[in-house]
>>> print(open('protein-v7.txt').read())   # compact mmCIF, C-alpha atoms
# COMPACT_ATOMS: atom_id res chain seq x y z
CA MET J 18 8.96 -25.22 -8.06
CA SER J 19 9.79 -21.83 -6.64
CA THR J 20 8.12 -18.93 -8.43
CA PRO J 21 7.87 -15.38 -7.05
CA SER J 22 4.26 -15.98 -6.02
CA ARG J 23 5.08 -19.22 -4.19
CA LYS J 24 8.05 -17.62 -2.48
CA ARG J 25 5.89 -14.73 -1.38
CA LEU J 26 3.13 -17.09 -0.13
CA MET J 27 5.66 -18.97 2.02
CA ARG J 28 6.53 -15.66 3.65
CA ASP J 29 2.86 -14.78 4.07
CA PHE J 30 2.45 -18.12 5.83
CA LYS J 31 5.45 -17.55 8.11
CA ARG J 32 4.12 -14.14 9.09
CA LEU J 33 0.71 -15.61 9.87
CA GLN J 34 2.26 -18.37 11.99
CA HIS J 35 4.62 -16.20 13.99
CA ASP J 36 2.64 -13.02 14.32
CA PRO J 37 -1.05 -13.76 13.76
CA PRO J 38 -3.49 -10.85 14.13
CA ALA J 39 -6.22 -11.50 16.72
CA GLY J 40 -9.14 -13.61 15.59
CA ILE J 41 -7.84 -15.00 12.31
CA SER J 42 -5.91 -18.05 11.22
CA GLY J 43 -4.95 -19.50 7.87
CA ALA J 44 -2.70 -22.04 6.23
CA PRO J 45 -2.09 -23.53 2.80
CA GLN J 46 -3.61 -26.94 2.08
CA ASP J 47 -1.25 -29.87 2.41
CA ASN J 48 0.11 -30.20 -1.09
CA ASN J 49 -0.92 -26.89 -2.55
CA ILE J 50 0.56 -23.57 -1.50
CA MET J 51 -1.81 -21.80 -3.93
CA LEU J 52 -4.95 -22.88 -2.06
CA TRP J 53 -5.45 -21.85 1.56
CA ASN J 54 -7.98 -22.57 4.24
CA ALA J 55 -8.68 -19.82 6.73
CA VAL J 56 -10.89 -19.15 9.71
CA ILE J 57 -12.18 -15.78 10.85
CA PHE J 58 -13.57 -15.54 14.35
CA GLY J 59 -16.55 -13.22 14.82
CA PRO J 60 -15.43 -10.05 16.63
CA ASP J 61 -16.21 -9.97 20.38
CA ASP J 62 -19.20 -8.00 21.68
CA THR J 63 -20.94 -8.01 18.30
CA PRO J 64 -23.70 -10.25 16.94
CA TRP J 65 -20.88 -12.16 15.19
CA ASP J 66 -19.23 -13.00 18.53
CA GLY J 67 -18.41 -16.69 18.83
CA GLY J 68 -18.73 -17.51 15.13
CA THR J 69 -15.95 -19.48 13.45
CA PHE J 70 -16.28 -18.80 9.74
CA LYS J 71 -14.34 -20.86 7.24
CA LEU J 72 -12.99 -19.45 3.99
CA THR J 73 -10.82 -20.52 1.09
CA LEU J 74 -8.28 -18.34 -0.67
CA GLN J 75 -7.25 -19.35 -4.18
CA PHE J 76 -4.04 -17.67 -5.38
CA THR J 77 -2.61 -17.53 -8.90
CA GLU J 78 0.93 -17.11 -10.19
CA ASP J 79 0.10 -13.40 -10.50
CA TYR J 80 -0.01 -12.98 -6.73
CA PRO J 81 0.83 -10.50 -5.22
CA ASN J 82 0.13 -8.41 -8.30
CA LYS J 83 -3.40 -9.80 -8.43
CA PRO J 84 -5.58 -10.58 -5.41
CA PRO J 85 -6.60 -14.11 -4.47
CA THR J 86 -10.18 -15.29 -4.98
CA VAL J 87 -11.65 -15.42 -1.49
CA ARG J 88 -14.86 -17.23 -0.63
CA PHE J 89 -16.66 -18.07 2.56
CA VAL J 90 -17.29 -21.78 2.87
CA SER J 91 -19.49 -21.27 5.92
CA ARG J 92 -22.98 -20.01 5.20
CA MET J 93 -23.12 -16.26 5.79
CA PHE J 94 -25.77 -13.59 6.16
CA HIS J 95 -24.20 -10.26 5.33
CA PRO J 96 -24.98 -7.34 2.97
CA ASN J 97 -21.66 -7.71 1.10
CA ILE J 98 -21.43 -11.50 0.84
CA TYR J 99 -23.05 -13.30 -2.10
CA ALA J 100 -24.99 -16.52 -1.75
CA ASP J 101 -22.02 -18.47 -3.17
CA GLY J 102 -19.76 -17.10 -0.43
CA SER J 103 -17.85 -14.63 -2.59
CA ILE J 104 -17.19 -11.26 -1.04
CA CYS J 105 -17.81 -7.75 -2.30
CA LEU J 106 -14.82 -5.91 -0.87
CA ASP J 107 -12.89 -3.17 -2.70
CA ILE J 108 -9.40 -4.48 -1.95
CA LEU J 109 -10.30 -7.91 -3.35
CA GLN J 110 -11.38 -6.35 -6.62
CA ASN J 111 -10.33 -3.16 -8.34
CA GLN J 112 -8.58 -1.63 -5.34
CA TRP J 113 -6.19 -4.44 -4.69
CA SER J 114 -2.58 -3.57 -3.89
CA PRO J 115 0.36 -5.96 -3.32
CA ILE J 116 1.02 -4.16 -0.04
CA TYR J 117 -1.66 -6.43 1.47
CA ASP J 118 -0.51 -9.79 2.75
CA VAL J 119 -2.80 -12.66 3.73
CA ALA J 120 -2.99 -11.36 7.30
CA ALA J 121 -4.17 -7.96 6.04
CA ILE J 122 -6.75 -9.54 3.69
CA LEU J 123 -8.27 -11.61 6.49
CA THR J 124 -8.23 -8.66 8.90
CA SER J 125 -10.08 -6.52 6.33
CA ILE J 126 -12.72 -9.23 5.85
CA GLN J 127 -13.07 -9.52 9.61
CA SER J 128 -13.77 -5.81 9.96
CA LEU J 129 -16.23 -5.96 7.04
CA LEU J 130 -18.38 -8.33 9.14
CA CYS J 131 -19.35 -5.60 11.61
CA ASP J 132 -18.99 -2.70 9.24
CA PRO J 133 -20.94 -3.56 6.07
CA ASN J 134 -20.94 -1.25 3.09
CA PRO J 135 -24.63 -0.64 2.30
CA ASN J 136 -23.75 0.93 -1.08
CA SER J 137 -22.73 -2.31 -2.75
CA PRO J 138 -25.22 -4.93 -1.64
CA ALA J 139 -24.44 -8.53 -2.59
CA ASN J 140 -27.31 -9.91 -0.55
CA SER J 141 -30.32 -7.64 -0.93
CA GLU J 142 -32.27 -9.23 1.90
CA ALA J 143 -29.41 -8.76 4.34
CA ALA J 144 -28.84 -5.21 3.11
CA ARG J 145 -32.48 -4.27 3.55
CA MET J 146 -32.73 -5.90 6.97
CA TYR J 147 -29.50 -4.26 8.10
CA SER J 148 -30.90 -0.80 7.42
CA GLU J 149 -34.59 -1.36 8.23
CA ASN J 150 -34.80 -3.99 10.94
CA ARG J 151 -31.56 -4.35 12.83
CA ARG J 152 -33.08 -6.63 15.47
CA GLU J 153 -34.16 -9.16 12.86
CA TYR J 154 -30.81 -8.78 11.09
CA ASN J 155 -28.94 -9.57 14.29
CA ARG J 156 -31.14 -12.61 14.84
CA LYS J 157 -30.23 -13.91 11.37
CA VAL J 158 -26.56 -13.28 12.10
CA ARG J 159 -26.85 -15.30 15.32
CA GLU J 160 -28.29 -18.13 13.22
CA VAL J 161 -25.25 -18.29 10.96
CA VAL J 162 -22.99 -18.01 14.02
CA GLU J 163 -24.61 -21.14 15.48
CA GLN J 164 -24.44 -22.94 12.13
CA SER J 165 -20.74 -22.16 11.89
CA TRP J 166 -20.04 -24.51 14.82
CA THR J 167 -21.59 -27.56 13.23
CA ALA J 168 -21.61 -27.21 9.47
CA GLU J 169 -18.95 -29.00 7.50
CA MET R 8 -42.98 -3.62 -0.74
CA ASP R 9 -39.72 -4.61 -2.26
CA THR R 10 -37.69 -1.52 -3.04
CA MET R 11 -34.35 -3.23 -3.59
CA PRO R 12 -33.36 -3.90 -7.18
CA ASP R 13 -33.39 -7.52 -8.25
CA LEU R 14 -29.71 -8.40 -8.20
CA GLY R 15 -30.22 -11.28 -10.58
CA ASP R 16 -31.03 -8.99 -13.51
CA ARG R 17 -27.92 -6.90 -13.74
CA PRO R 18 -24.19 -7.60 -13.69
CA ARG R 19 -22.54 -7.41 -10.29
CA ASP R 20 -20.59 -4.28 -9.35
CA ASP R 21 -17.32 -6.17 -9.50
CA GLU R 22 -18.18 -7.43 -12.99
CA ILE R 23 -18.94 -3.90 -14.18
CA MET R 24 -15.66 -2.64 -12.72
CA ALA R 25 -13.73 -5.54 -14.25
CA GLN R 26 -15.15 -4.67 -17.65
CA HIS R 27 -14.33 -1.00 -17.20
CA TYR R 28 -10.71 -1.84 -16.37
CA ALA R 29 -10.48 -4.32 -19.24
CA ILE R 30 -11.62 -1.71 -21.76
CA ARG R 31 -9.11 0.82 -20.43
CA ALA R 32 -6.30 -1.74 -20.46
CA GLU R 33 -7.08 -2.64 -24.07
CA GLU R 34 -6.95 1.00 -25.14
CA ALA R 35 -3.76 1.64 -23.19
CA GLU R 36 -1.89 -1.33 -24.61
CA LYS R 37 -1.77 0.28 -28.02
CA MET R 38 1.06 2.45 -26.67
CA SER R 39 4.25 1.31 -24.94
CA PHE R 40 4.81 2.34 -21.31
CA ILE R 41 7.43 4.84 -22.41
CA GLY R 42 7.61 6.07 -26.00
CA ASP R 43 10.52 7.32 -28.06
CA LYS R 44 11.78 10.87 -27.77
CA GLU R 45 9.85 13.02 -30.24
CA PRO R 46 10.33 16.63 -31.35
CA LEU R 47 7.86 19.07 -29.82
CA SER R 48 6.42 19.61 -33.30
CA SER R 49 4.64 16.26 -32.99
CA LEU R 50 2.62 17.80 -30.16
CA ALA R 51 1.74 20.78 -32.33
CA ALA R 52 0.62 18.41 -35.08
CA GLU R 53 -1.86 16.84 -32.67
CA TYR R 54 -3.67 20.15 -32.20
CA GLU R 55 -3.35 21.42 -35.76
CA SER R 56 -7.07 21.79 -36.26
CA GLY R 57 -7.84 22.23 -32.61
CA ASN R 58 -8.20 24.76 -29.85
CA ALA R 59 -6.46 28.09 -30.50
CA ILE R 60 -5.32 28.44 -26.89
CA PHE R 61 -3.59 25.06 -27.02
CA LYS R 62 -1.87 26.00 -30.26
CA LYS R 63 -0.60 29.26 -28.82
CA LYS R 64 0.58 27.57 -25.67
CA ILE R 65 2.48 24.88 -27.57
CA GLU R 66 4.22 27.63 -29.52
CA LYS R 67 5.17 29.23 -26.20
CA LEU R 68 6.28 25.86 -24.87
CA GLY R 69 8.65 25.58 -27.81
CA GLU R 70 10.66 28.55 -26.49
CA THR R 71 11.92 26.45 -23.58
CA TYR R 72 11.31 22.83 -24.48
CA GLY R 73 12.50 20.94 -27.52
CA ALA R 74 11.19 17.40 -27.18
CA LEU R 75 8.79 15.13 -25.38
CA ARG R 76 8.42 11.46 -24.62
CA ARG R 77 4.92 10.06 -24.35
CA THR R 78 3.78 7.58 -21.73
CA ARG R 79 1.00 5.04 -21.72
CA GLY R 80 -2.28 6.44 -20.41
CA ASP R 81 -3.12 3.64 -18.03
CA GLY R 82 -3.46 5.64 -14.82
CA ASN R 83 0.16 4.99 -13.87
CA CYS R 84 1.64 7.55 -16.25
CA PHE R 85 2.84 9.96 -13.57
CA PHE R 86 4.85 7.28 -11.78
CA ARG R 87 6.24 5.76 -15.00
CA ALA R 88 7.16 9.20 -16.34
CA PHE R 89 8.82 10.09 -13.05
CA MET R 90 10.83 6.88 -12.96
CA PHE R 91 12.12 7.25 -16.49
CA SER R 92 12.77 10.97 -16.37
CA TYR R 93 14.56 10.82 -13.03
CA LEU R 94 16.80 7.88 -13.94
CA GLU R 95 17.54 9.23 -17.42
CA ASN R 96 18.62 12.52 -15.90
CA LEU R 97 20.78 10.71 -13.36
CA LEU R 98 22.43 8.69 -16.14
CA GLU R 99 23.08 11.68 -18.36
CA THR R 100 24.61 13.75 -15.57
CA ARG R 101 26.50 10.71 -14.20
CA ASN R 102 25.46 12.00 -10.80
CA GLU R 103 26.59 9.24 -8.46
CA ALA R 104 26.27 11.49 -5.41
CA GLU R 105 22.59 12.02 -6.21
CA ALA R 106 22.12 8.28 -6.67
CA GLY R 107 23.60 7.79 -3.20
CA ARG R 108 21.43 10.54 -1.73
CA VAL R 109 18.22 9.10 -3.15
CA LYS R 110 19.18 5.66 -1.79
CA ASP R 111 19.30 7.21 1.69
CA SER R 112 15.81 8.61 1.04
CA VAL R 113 14.65 5.13 -0.01
CA ASP R 114 15.98 3.78 3.31
CA LYS R 115 13.97 6.38 5.20
CA CYS R 116 10.86 5.47 3.18
CA LYS R 117 11.43 1.83 4.05
CA GLN R 118 11.58 2.72 7.74
CA SER R 119 8.34 4.72 7.45
CA LEU R 120 6.56 1.73 5.91
CA LEU R 121 7.81 -0.52 8.72
CA ASP R 122 6.73 2.08 11.30
CA LEU R 123 3.27 2.10 9.69
CA GLY R 124 3.02 -1.64 10.32
CA HIS R 125 3.83 -3.12 6.90
CA SER R 126 5.89 -6.31 6.76
CA GLU R 127 9.15 -5.92 4.88
CA PHE R 128 8.40 -8.91 2.65
CA THR R 129 5.36 -7.13 1.19
CA PHE R 130 7.47 -4.40 -0.39
CA GLU R 131 11.14 -5.43 -0.53
CA ASP R 132 11.02 -6.89 -4.06
CA PHE R 133 9.35 -3.72 -5.35
CA LEU R 134 11.94 -1.61 -3.57
CA ALA R 135 14.76 -3.61 -5.15
CA SER R 136 13.41 -3.02 -8.66
CA PHE R 137 14.15 0.68 -8.14
CA THR R 138 17.40 0.43 -6.17
CA ASP R 139 18.80 -2.12 -8.68
CA GLN R 140 18.66 0.64 -11.27
CA LEU R 141 20.27 3.14 -8.92
CA ASP R 142 23.06 0.59 -8.39
CA GLY R 143 23.34 0.39 -12.17
CA VAL R 144 23.85 4.15 -12.38
CA GLN R 145 26.49 4.05 -9.66
CA ASP R 146 28.53 1.15 -11.02
CA GLY R 147 28.05 2.19 -14.63
CA SER R 148 26.26 -1.01 -15.65
CA LEU R 149 23.01 0.73 -16.64
CA SER R 150 23.10 2.09 -20.18
CA ALA R 151 20.57 4.48 -21.68
CA ASP R 152 19.29 1.68 -23.92
CA GLN R 153 18.95 -0.65 -20.96
CA LEU R 154 16.95 2.00 -19.11
CA VAL R 155 14.51 2.27 -22.03
CA GLU R 156 14.25 -1.51 -22.12
CA ASN R 157 13.65 -1.72 -18.36
CA SER R 158 10.99 0.97 -18.55
CA ARG R 159 9.15 -0.96 -21.27
CA ASP R 160 9.39 -4.26 -19.42
CA GLN R 161 6.06 -4.81 -17.72
CA SER R 162 7.42 -6.62 -14.72
CA ILE R 163 10.16 -4.06 -13.93
CA SER R 164 8.07 -1.01 -14.79
CA ASP R 165 5.00 -2.16 -12.81
CA SER R 166 7.20 -3.11 -9.91
CA VAL R 167 8.80 0.34 -9.70
CA VAL R 168 5.37 1.99 -10.04
CA MET R 169 4.15 -0.15 -7.15
CA PHE R 170 7.13 0.85 -5.05
CA PHE R 171 6.47 4.54 -5.73
CA ARG R 172 2.83 4.02 -4.81
CA PHE R 173 3.85 2.44 -1.50
CA ILE R 174 6.20 5.25 -0.52
CA THR R 175 3.74 7.90 -1.69
CA SER R 176 1.10 6.32 0.53
CA GLY R 177 3.63 6.01 3.37
CA GLU R 178 4.59 9.69 3.12
CA ILE R 179 0.93 10.79 3.11
CA ARG R 180 0.04 8.64 6.12
CA LYS R 181 3.19 9.64 8.01
CA ARG R 182 2.25 13.31 7.56
CA ALA R 183 -1.50 12.83 7.71
CA ASP R 184 -2.03 16.12 9.56
CA PHE R 185 -0.42 18.03 6.71
CA PHE R 186 -2.16 16.20 3.87
CA GLU R 187 -5.59 15.81 5.46
CA PRO R 188 -7.07 19.22 4.51
CA PHE R 189 -6.11 18.75 0.83
CA ILE R 190 -7.49 15.24 0.73
CA VAL R 191 -10.73 15.91 2.58
CA GLY R 192 -11.22 19.14 0.66
CA THR R 193 -10.95 17.61 -2.80
CA SER R 194 -12.15 14.04 -2.37
CA GLY R 195 -14.15 13.97 0.85
CA LEU R 196 -12.23 10.85 1.86
CA SER R 197 -10.21 10.29 5.02
CA VAL R 198 -6.43 10.00 4.64
CA GLN R 199 -6.62 6.22 5.13
CA GLN R 200 -9.45 5.82 2.61
CA PHE R 201 -7.66 8.02 0.10
CA CYS R 202 -4.44 6.00 0.29
CA ARG R 203 -6.35 2.75 0.08
CA SER R 204 -8.51 3.77 -2.87
CA SER R 205 -6.46 6.32 -4.81
CA VAL R 206 -2.77 5.74 -4.11
CA GLU R 207 -2.00 2.08 -3.39
CA PRO R 208 -3.92 0.35 -6.23
CA MET R 209 -2.32 0.22 -9.70
CA GLY R 210 -4.04 2.36 -12.31
CA GLU R 211 -5.32 5.07 -9.99
CA GLU R 212 -4.43 8.48 -11.38
CA SER R 213 -2.15 10.93 -9.61
CA ASP R 214 -2.80 14.52 -8.70
CA HIS R 215 -1.21 17.27 -6.62
CA VAL R 216 -1.26 15.24 -3.40
CA HIS R 217 0.57 12.25 -4.93
CA ILE R 218 3.18 14.47 -6.57
CA THR R 219 3.85 16.46 -3.39
CA ALA R 220 4.22 13.26 -1.38
CA LEU R 221 6.56 11.51 -3.82
CA SER R 222 8.68 14.63 -4.28
CA ASP R 223 9.03 14.96 -0.49
CA ALA R 224 9.61 11.24 0.11
CA LEU R 225 12.51 11.04 -2.37
CA GLY R 226 13.70 14.64 -2.12
CA VAL R 227 13.36 15.24 -5.85
CA LEU R 228 12.29 18.52 -7.43
CA ILE R 229 9.48 17.92 -9.94
CA ARG R 230 8.26 20.52 -12.41
CA ILE R 231 4.80 20.09 -13.89
CA VAL R 232 4.02 22.17 -16.96
CA TYR R 233 0.29 22.55 -17.53
CA LEU R 234 -1.13 22.48 -21.03
CA ASP R 235 -4.81 23.26 -20.70
CA SER R 236 -7.34 25.67 -22.15
CA SER R 237 -7.12 28.26 -19.36
CA ASN R 238 -6.20 31.57 -20.92
CA GLY R 239 -4.85 33.55 -17.96
CA ASP R 240 -5.79 37.22 -18.27
CA GLY R 241 -7.54 36.51 -21.54
CA GLY R 242 -5.18 38.81 -23.39
CA ASN R 243 -2.45 38.04 -25.82
CA ASN R 244 0.10 37.26 -23.15
CA LEU R 245 -0.73 33.60 -22.95
CA ASP R 246 1.65 31.96 -20.54
CA VAL R 247 2.13 28.28 -20.01
CA ASN R 248 1.70 27.70 -16.30
CA PHE R 249 4.03 25.47 -14.42
CA HIS R 250 4.41 24.44 -10.83
CA ASP R 251 7.57 23.33 -9.06
CA PHE R 252 7.12 20.70 -6.37
CA ILE R 253 10.02 21.56 -4.12
CA PRO R 254 10.82 18.77 -1.68
CA GLY R 255 10.80 19.73 1.96
CA GLN R 256 9.08 23.03 1.29
CA CYS R 257 6.07 22.03 3.31
CA VAL R 258 7.84 20.24 6.15
CA GLN R 259 9.68 21.70 9.08
CA GLU R 260 13.09 20.59 7.87
CA GLN R 261 15.33 22.86 5.86
CA PRO R 262 13.82 23.08 2.41
CA ILE R 263 16.10 21.97 -0.36
CA LEU R 264 17.32 25.01 -2.23
CA LYS R 265 15.62 25.64 -5.50
CA SER R 266 17.69 24.15 -8.24
CA LYS R 267 17.09 22.97 -11.76
CA PRO R 268 14.29 20.40 -11.74
CA SER R 269 15.51 16.94 -12.65
CA VAL R 270 12.04 15.81 -13.65
CA VAL R 271 9.90 17.94 -15.98
CA LEU R 272 6.50 16.58 -16.93
CA LEU R 273 3.87 17.91 -19.28
CA TYR R 274 0.37 17.69 -17.85
CA ARG R 275 -2.68 17.60 -20.02
CA PRO R 276 -5.92 16.95 -18.14
CA GLY R 277 -5.69 13.34 -16.99
CA HIS R 278 -2.23 12.58 -18.39
CA TYR R 279 1.50 13.16 -17.88
CA ASP R 280 4.26 12.95 -20.51
CA ILE R 281 7.97 13.76 -20.20
CA LEU R 282 9.34 17.09 -21.41
CA TYR R 283 12.91 17.94 -22.44
CA GLU R 284 14.46 21.37 -22.28
CA LYS R 285 16.20 22.63 -25.37
>>> encode(input="protein-v7.txt", output="structure tokens")
Amino acid sequence: MSTPSRKRLMRDFKRLQHDPPAGISGAPQDNNIMLWNAVIFGPDDTPWDGGTFKLTLQFTEDYPNKPPTVRFVSRMFHPNIYADGSICLDILQNQWSPIYDVAAILTSIQSLLCDPNPNSPANSEAARMYSENRREYNRKVREVVEQSWTAE
Amino acid sequence: MDTMPDLGDRPRDDEIMAQHYAIRAEEAEKMSFIGDKEPLSSLAAEYESGNAIFKKKIEKLGETYGALRRTRGDGNCFFRAFMFSYLENLLETRNEAEAGRVKDSVDKCKQSLLDLGHSEFTFEDFLASFTDQLDGVQDGSLSADQLVENSRDQSISDSVVMFFRFITSGEIRKRADFFEPFIVGTSGLSVQQFCRSSVEPMGEESDHVHITALSDALGVLIRIVYLDSSNGDGGNNLDVNFHDFIPGQCVQEQPILKSKPSVVLLYRPGHYDILYEK
């Protein structure tokens, strides 16, 4: 069935295949264009370097007028990522705009990794460590980077 | 010592925001996107027992304007009012040349968005929802009734609003040097942050910066008439202030000569409605 959201998602997918931004990849699951798997690679020369973080994106028929629900599947340690993997990022909530495609969503999440927003903590321990004990914070980040290679 | 609040005890920020938006949406839905044309006296009735300055100003307003059309107060009122007022004017004047001219402007806007790195597929459907109606003006297939219907149709109306938001954002980012002082001065945000938080999302209200950018992007003269409680020199000569947003006035190109505004909007703090001259 071809609805506007499915048609748009096919084009999102094509864009991501032919012109992928550095350090991200994503594709719909086999029989379901509304549910995507994605991977964000930790940006080079940061504590996140080398991490391969898995996410899911669940779209609805309202896409692109409503954002997808995005969740990390990999365990994360980050001030703006909740324990269940959901992400506190303005464009995924009230500041969504259809001008973002899947590539732009994943790129924004990638830059959030190194540039947390301390004003809206989703993980209070990570937020506190980020501002008070950066060395310990970075060590915790390295832990989730290493886990990202093995965890299912 | 734990100084961070316990996040388990209170709703998450996104939940609070979602509730805020839900309440506003519920309030807004009591009114259609674009109302019927009403005599200006209905505005006077609203302030019957209210502020004396407002009452005087509405009387003054009545010297030039005869009617108004209300819009839904959902944060998109400026864009919806602009869309309706502009297209209605185009229909009434049967101005096919203007429809052609604004299509050229739309093409330039499209190029700006591509230059800024946006993929065409992210905006082309929104663009078409506006140009379809311009086509309708040119080939005579768009009637006044159809325009009202389109403007009240959520999918068409939202889609045109979204397109205007894209090109407003595109114009601001393209001319970031020009807009930056206004944006930083009033909001403290960078141009990028401002576009991301206050222009591109649905429901974000419009101010001077948005209006200037849209007027320039499409080359359309917009008059905003201000109905507020400012009382000028405090004397008896209460004047209703208005401001003309003249496209091209602030860019290097030849400014478009001052002509009759095709879009006249009434601004009351936080809201825009459409005004009609007598």
>>> interface_residues(input="protein-v7.txt", of="chain R", to="chain J", cutoff="10 Å", atoms="all atoms listed in the file", output="ChimeraX atom specification")
/R:9-14,19-22,24-25,27-28,125-130,132-133,162,165-166,169-170,172-173,203-211
>>> closest_residue(input="protein-v7.txt", among="R:Val216, R:Ile60, R:Leu149, R:Leu47", to="Asp280 in chain R", atoms="all atoms listed in the file")
R:Leu47
>>> atom_distance(input="protein-v7.txt", atom1="CA of Gln161 in chain R", atom2="CA of Thr77 in chain J")
17.7 Å
>>> closest_residue(input="protein-v7.txt", among="R:Ser150, R:Asn248, R:Gln26, R:Ser213", to="Val232 in chain R", atoms="all atoms listed in the file")
R:Asn248
>>> residues_near_point(input="protein-v7.txt", point="(19.2, -0.2, -9.8)", cutoff="12 Å", atoms="only C-alpha atoms", output="PyMOL selection string")
chain R and resi 90+94+97-98+106-107+109-110+133-150+153-154+157+163+167
>>> write_last_selection(input="protein-v7.txt", atoms="C-alpha atoms", output="PDB file, in the coordinates of the input")
ATOM      1  CA  MET R  90      10.830   6.880 -12.960  1.00  0.00           C
ATOM      2  CA  LEU R  94      16.800   7.880 -13.940  1.00  0.00           C
ATOM      3  CA  LEU R  97      20.780  10.710 -13.360  1.00  0.00           C
ATOM      4  CA  LEU R  98      22.430   8.690 -16.140  1.00  0.00           C
ATOM      5  CA  ALA R 106      22.120   8.280  -6.670  1.00  0.00           C
ATOM      6  CA  GLY R 107      23.600   7.790  -3.200  1.00  0.00           C
ATOM      7  CA  VAL R 109      18.220   9.100  -3.150  1.00  0.00           C
ATOM      8  CA  LYS R 110      19.180   5.660  -1.790  1.00  0.00           C
ATOM      9  CA  PHE R 133       9.350  -3.720  -5.350  1.00  0.00           C
ATOM     10  CA  LEU R 134      11.940  -1.610  -3.570  1.00  0.00           C
ATOM     11  CA  ALA R 135      14.760  -3.610  -5.150  1.00  0.00           C
ATOM     12  CA  SER R 136      13.410  -3.020  -8.660  1.00  0.00           C
ATOM     13  CA  PHE R 137      14.150   0.680  -8.140  1.00  0.00           C
ATOM     14  CA  THR R 138      17.400   0.430  -6.170  1.00  0.00           C
ATOM     15  CA  ASP R 139      18.800  -2.120  -8.680  1.00  0.00           C
ATOM     16  CA  GLN R 140      18.660   0.640 -11.270  1.00  0.00           C
ATOM     17  CA  LEU R 141      20.270   3.140  -8.920  1.00  0.00           C
ATOM     18  CA  ASP R 142      23.060   0.590  -8.390  1.00  0.00           C
ATOM     19  CA  GLY R 143      23.340   0.390 -12.170  1.00  0.00           C
ATOM     20  CA  VAL R 144      23.850   4.150 -12.380  1.00  0.00           C
ATOM     21  CA  GLN R 145      26.490   4.050  -9.660  1.00  0.00           C
ATOM     22  CA  ASP R 146      28.530   1.150 -11.020  1.00  0.00           C
ATOM     23  CA  GLY R 147      28.050   2.190 -14.630  1.00  0.00           C
ATOM     24  CA  SER R 148      26.260  -1.010 -15.650  1.00  0.00           C
ATOM     25  CA  LEU R 149      23.010   0.730 -16.640  1.00  0.00           C
ATOM     26  CA  SER R 150      23.100   2.090 -20.180  1.00  0.00           C
ATOM     27  CA  GLN R 153      18.950  -0.650 -20.960  1.00  0.00           C
ATOM     28  CA  LEU R 154      16.950   2.000 -19.110  1.00  0.00           C
ATOM     29  CA  ASN R 157      13.650  -1.720 -18.360  1.00  0.00           C
ATOM     30  CA  ILE R 163      10.160  -4.060 -13.930  1.00  0.00           C
ATOM     31  CA  VAL R 167       8.800   0.340  -9.700  1.00  0.00           C
TER      32      VAL R 167
END
>>> atom_distance(input="protein-v7.txt", atom1="CA of Val271 in chain R", atom2="CA of Leu234 in chain R")
13.0 Å
>>> residues_around(input="protein-v7.txt", residues="range 34-51 of chain J", least_positions_apart="4", cutoff="12 Å", atoms="all atoms listed in the file", output="count of residues only")
53
>>> atom_distance(input="protein-v7.txt", atom1="CA of Asn96 in chain R", atom2="CA of Ser269 in chain R")
6.3 Å
>>> closest_residue(input="protein-v7.txt", among="R:Ala59, R:Val113, R:Leu123, R:Val198", to="Ala224 in chain R", atoms="all atoms listed in the file")
R:Val113
>>> closest_residue(input="protein-v7.txt", among="R:Lys285, R:Glu95, R:Ser194, R:Ala104", to="Ala151 in chain R", atoms="only C-alpha atoms")
R:Glu95
>>> residues_around(input="protein-v7.txt", residues="Arg275 in chain R", least_positions_apart="3", cutoff="12 Å", atoms="all atoms listed in the file", output="PyMOL selection string")
chain R and resi 50+61+64-65+77+80+84-85+214+231-237+247-249+272+278-281
>>> closest_residue(input="protein-v7.txt", among="R:Ala183, R:Ile253, R:Ala51, R:Met38", to="Arg79 in chain R", atoms="all atoms listed in the file")
R:Met38
>>> decode(input="protein-v7.txt", residues="range 18-25 of chain J", atoms="N, CA and C atoms", output="PDB file, in the first residue's frame")
ATOM      1  N   MET J  18       0.847  -1.190   0.000  1.00  0.00           N
ATOM      2  CA  MET J  18       0.000   0.000   0.000  1.00  0.00           C
ATOM      3  C   MET J  18       0.890   1.250   0.000  1.00  0.00           C
ATOM      4  N   SER J  19       0.596   2.160  -0.892  1.00  0.00           N
ATOM      5  CA  SER J  19       1.425   3.355  -0.958  1.00  0.00           C
ATOM      6  C   SER J  19       0.704   4.555  -0.374  1.00  0.00           C
ATOM      7  N   THR J  20       1.106   4.961   0.810  1.00  0.00           N
ATOM      8  CA  THR J  20       0.557   6.160   1.444  1.00  0.00           C
ATOM      9  C   THR J  20       1.636   7.235   1.347  1.00  0.00           C
ATOM     10  N   PRO J  21       1.276   8.510   1.605  1.00  0.00           N
ATOM     11  CA  PRO J  21       2.301   9.558   1.530  1.00  0.00           C
ATOM     12  C   PRO J  21       3.495   9.265   2.429  1.00  0.00           C
ATOM     13  N   SER J  22       3.235   8.724   3.639  1.00  0.00           N
ATOM     14  CA  SER J  22       4.358   8.481   4.547  1.00  0.00           C
ATOM     15  C   SER J  22       5.274   7.372   4.014  1.00  0.00           C
ATOM     16  N   ARG J  23       4.672   6.326   3.443  1.00  0.00           N
ATOM     17  CA  ARG J  23       5.489   5.232   2.904  1.00  0.00           C
ATOM     18  C   ARG J  23       6.290   5.697   1.694  1.00  0.00           C
ATOM     19  N   LYS J  24       5.635   6.496   0.864  1.00  0.00           N
ATOM     20  CA  LYS J  24       6.324   7.031  -0.316  1.00  0.00           C
ATOM     21  C   LYS J  24       7.521   7.879   0.122  1.00  0.00           C
ATOM     22  N   ARG J  25       7.285   8.713   1.123  1.00  0.00           N
ATOM     23  CA  ARG J  25       8.346   9.576   1.610  1.00  0.00           C
ATOM     24  C   ARG J  25       9.481   8.734   2.218  1.00  0.00           C
TER      25      ARG J  25
END
